[in-house]
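Chemist: I'd like to ask some things about the structure below.
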Amino acid sequence: MSLSAIRAGVAAALFALALGIAPATAQDYPTRPITVIVPFAAGGPTDVIARIVGDHMSKTLGQTLVIENVVGAGGTTGITRAKRAKNDGYTIAMGHLGTQAAAPSLYPNLQYDPVADFEPIGMAAGTPILILAKKDFPAKDLKEFVEYVKKNEKALNMAHAGVGSVSFTTCLLLNHILKVKPTSIPFQGTGPSMNALIGGQVDYMCDQIVNAVPQVQGGTIKAYAIGTETRNPSLPNVPTSKEAGLPDFQASAWNALIAPKDTPKPIMDKLSAALDKALDDEPTRKRLLELGSDIPGKDRRGGAALMTLVKSEIAKWTPVIKAAGPAN
Amino acid sequence: MYDLISNLWLGMGVAATPMNIFLCLIGALVGTLIGVLPGIGSLATIAMLLPITFGLPPVGALIMLAGIYYGAQYGGSTTSILVNIPGESSSVVTCLDGHEMAKQGRAGPALAIAAIGSFFAGCVATVLVAALGAPLTSLALLFGPAEYFSLMVLGLIFAVVLAKGSVLKALTMILSGLLLSMIGSDLETGAERMTWGIPELSDGIGFVVVGMGMFGFGEILRNLENPGSREIINAKVTGLMPTLPDLKAAAGAIGRGTVIGSLLGILPGGGAIIASFAAYTLEKRVSKNPSRFGHGAIEGVAAPESANNAAAQTSFIPLLTLGIPPNPVMALMVGAMTIHGIVPGPQVMTKQPELFWGMIASMWIGNLMLVVINLPLVGMWVRLLRVPYRHLFPMIVIFCCIGVYSLNNAPFDVTMTAIFGVVGYWLVKHDFEPAPMILGFVLGPLMEENLRRAMLIARGDATVFLTRPISATLLALALFLLVLAVLPSLRAKREEVFTE
């Protein structure tokens, strides 16, 4: 008997076992800690949101949500692991804009399908995207910025935190709208790219609000617009992209909890309800808002709304990434 | 000046509360422990402990996490000296003379001088962070991709200079290190390079795998070749503490190491490791008798250990003043701050002075604790060396394997370490030194990244490295050092030719 045959046999046995006991365990779920796979490093925006929301969900569910950071390949390593996890509700994951919407068009060998391979628990929180430029960028508002970028596209350097990162994908959207192709300069993460922007080594970039607030407030960089419907309380002076005349630039790095396919419905309902309760909890909201997060309203919560969002986001980002061409 | 003192006083008030002293002690202890255990780095530990700090007040949590970070720098030298395994990448050079000292029965003085040097460097760097944090930040901002590339070139040249044997062999090792570091995913396109379709290689080979294999396992294989000699070495352990001549010899090295470490620590990425190599190179250059280096020179331990500790402290500067993390550990500290509701940035200093100055004051307390923890431990570590080698080496191997496995829970990494062990053994047998290769391996990705970035920004114009003043200066320095290193061997060759 070959090794793979043994493996298949074991897997089949486990699967049968899981099916056999699933209904019983679904009733008193959860009876042990739940692992939340975060596909990014500890301390990053997705991780912080997972920890804040998970903290409150642990209280509701009576079991601890343990965060496991599985990094690599723009977050797809962690989500791939979540797909292969047992669908008993004890392993869930925090997916985001990159892993659930941009990844299918960025990675030709992607091991999962964001729609078919997961059950949606619900949107947790988003971090709005800002259009940022170095301190002495010669434009006083977004209109001038757009004109300047269009006129000088060949000379400009756009920074991003690596192919597949949120800053990369969202800046592609900006470039796509403006129909420009500046030189894109990759960095390893948002820290180094922000450093280069403050130092004036690069001209502009798009980044999540949580990374940029202190710099904008400190005057070391400029913020031209925020890619959400409403202004953000952390930066009340930064206009929305709609107000500033670029309504098509709608970008928020949403983070959402997902579970492996065919996780039993009672378990999914418990998880969705716990997440919903966490997002209504005042201290939890306060901590999320301090980060500049965009907390979903009632109509954007739950599994069904998340599934709609994932589908619409895939439809939105695929042409943007495809148009930018490979390896850009 | 008055401001500085009143600020530090405020910081002491925060850091010296019983709760914060206790947290600082825990951090220092955990840091020492993980520094000693090969494989488990400060990055993984801080990531694991981050959730535990959830319930703590922010200042206390950060004090503890910072303690782990610089505690690991202390602990990392212990295994370098005792068993030739660098606990952290910045203690690779410590192996060169530290382990030689241990072989000569002087493990005690080597460990003690590492602790004393680190303490001195930590104290000076703490004051530096407090006094010059803000102005030094602007220095870091002057470094763009071109400057970083030139700095990395300079760093690699240090590795040539510090090599004992032939320059050609050292260059070969550096280039092999660079090539090894290129295994993995391409930075810009994500395409896989030299992975032969092995998925485990797609994120590259880890430092611990290479370092532990080449140094640790290689050393063990070499010792097993001649088991008798090892026991004799252990028998003649002399004195635990450094003698007065030792201290005199090391004093200058500690001072110079501190200065180099403090300056290079501010620069994001690779600061601490370049600092340790630079400090070692400088000592070898200024020494009246450079041939002692590599054969148990106490300056060769004192200088890099002071430098890496100073660098560990000053690497907090960009984090505290700008909110920008210069290395992955600092990125986790940013995470720790945001989890605790503090958004790191230029305003932390003015809006939350207790946090800022409390952390700085705690660094000094932490360094004091580390020296108090580490000096009495010296005796214990040295006793460990007296354990017969036939009992000791299986334990080292097992600990190393557990450490390597725990990185990614991957048996693949353990296999790779074993392969590098055999390679390391072969190389040492043929007089190739592993240290230059490790430096090439660690600096390779940073060098490549910044080279490509600089070329992109300059639109392919390579003269950018010479037209930017800082970059040009660094390259000129590198050239100068290389010529210094190559000249004696050229001269020696010519003499050989003439005598024949």
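Order determines the names: the first chain of the structure tokens is A, the second B, and so forth; residues in each chain are numbered 1 upward, and ligands are numbered 1 upward as they are shown.
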Could you list the residues in chain A lying within 9 Å of chain B, using only C-alpha atoms, and format the result as a ChimeraX atom specification?
Modeler: /A:41-45,47-49,51-52,66-67,69,72-73,107,156-157,162-163,183-188,191-192,194-196,198-202,210-211,213-215,217-218,287-288,290-291,326-328
Chemist: Find the residues around range 116-123 of chain B up to 6 Å (only C-alpha atoms counted), leave out those fewer than 5 positions away in its own chain, and share them as a ChimeraX atom specification.
Modeler: /B:254,258,302,305-306,309-310,364,367
Chemist: Just to be explicit: take each residue in the selection above, keep C-alpha atoms, and write the result as a compact mmCIF listing (two decimals), in the first residue's frame.
Modeler:
# COMPACT_ATOMS: atom_id res chain seq x y z
CA ILE B 254 34.04 48.01 24.15
CA THR B 258 29.54 50.90 21.37
CA ALA B 302 34.15 42.49 23.51
CA GLU B 305 29.04 42.07 21.66
CA SER B 306 29.10 45.73 22.66
CA ASN B 309 23.79 45.42 22.11
CA ALA B 310 24.21 49.12 21.41
CA TRP B 364 18.73 50.95 31.56
CA ASN B 367 20.56 46.17 31.17
Chemist: Using DSSP on the backbone coordinates, identify all residues within range 32-62 of chain A classified as alpha helix (DSSP H); present the result as a list of chain:residue names.
Modeler: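 Matching residues for alpha helix (DSSP H) in range 32-62 of chain A are A:Pro45, A:Thr46, A:Asp47, A:Val48, A:Ile49, A:Ala50, A:Arg51, A:Ile52, A:Val53, A:Gly54, A:Asp55, A:His56, A:Met57, A:Ser58, A:Lys59, A:Thr60, A:Leu61.
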Chemist: Taking only C-alpha atoms into account, which of B:Met437, B:Met416, B:Leu407, B:Met64 comes nearest Val70 in chain A?
Modeler: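 Ranking B:Met437, B:Met416, B:Leu407, B:Met64 by distance to Val70 in chain A, first place goes to B:Leu407.
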Chemist: Give me, as a PyMOL selection string, all polymer residues having an atom no more than 9 Å from Thr195 in chain B, counting only C-alpha atoms and skipping those fewer than 4 positions away in the same chain.
Modeler: chain B and resi 183-185+199-202+204
Chemist: If DSSP is run on the backbone, what residues of range 60-261 of chain B are strand (DSSP E)? A reply as number ranges by chain would be ideal.
Modeler: B: 184-185, 192-193
Chemist: Those residues you just picked out, can you put them in a file as a tab-separated table (two decimals), in the first residue's frame with C-alpha atoms?
Modeler:
chain	number	residue	atom	x	y	z
B	184	GLY	CA	13.03	31.70	-2.79
B	185	SER	CA	10.53	34.12	-4.26
B	192	GLU	CA	10.26	31.28	-7.69
B	193	ARG	CA	14.01	31.18	-8.05
Chemist: Just the residues within 8 Å of Lys277 in chain A, please, counting only C-alpha atoms, with nothing from its chain fewer than 3 positions along; format it as a list in words.
Modeler: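 After dropping sequence-adjacent residues, the list is Met57, Thr60, Ala273, Ala274, Asp280 and Asp281 of chain A.
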Chemist: Write out the residues from the selection above, keeping C-alpha atoms, as an mmCIF file, in the first residue's frame.
Modeler:
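The result, stored in again-v2.cif:
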data_model
loop_
_atom_site.group_PDB
_atom_site.id
_atom_site.type_symbol
_atom_site.label_atom_id
_atom_site.label_comp_id
_atom_site.auth_asym_id
_atom_site.auth_seq_id
_atom_site.Cartn_x
_atom_site.Cartn_y
_atom_site.Cartn_z
ATOM 1 C CA MET A 57 -15.987 36.705 20.643
ATOM 2 C CA THR A 60 -19.539 35.239 23.965
ATOM 3 C CA ALA A 273 -23.808 35.905 16.029
ATOM 4 C CA ALA A 274 -20.685 36.175 18.209
ATOM 5 C CA ASP A 280 -21.922 46.074 18.821
ATOM 6 C CA ASP A 281 -19.820 46.071 21.970
#
Chemist: Using only C-alpha atoms, can you tell me which of B:Val129, B:Leu370, B:Val378, B:Ala272 comes closest to Val92 in chain B?
Modeler: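 Nearest to Val92 in chain B: B:Ala272.
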Chemist: Quick check, in Å to one decimal: how far apart do CA of Ser234 in chain A and CA of Gly292 in chain A lie?
Modeler: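 Those two atoms sit 5.7 Å apart.
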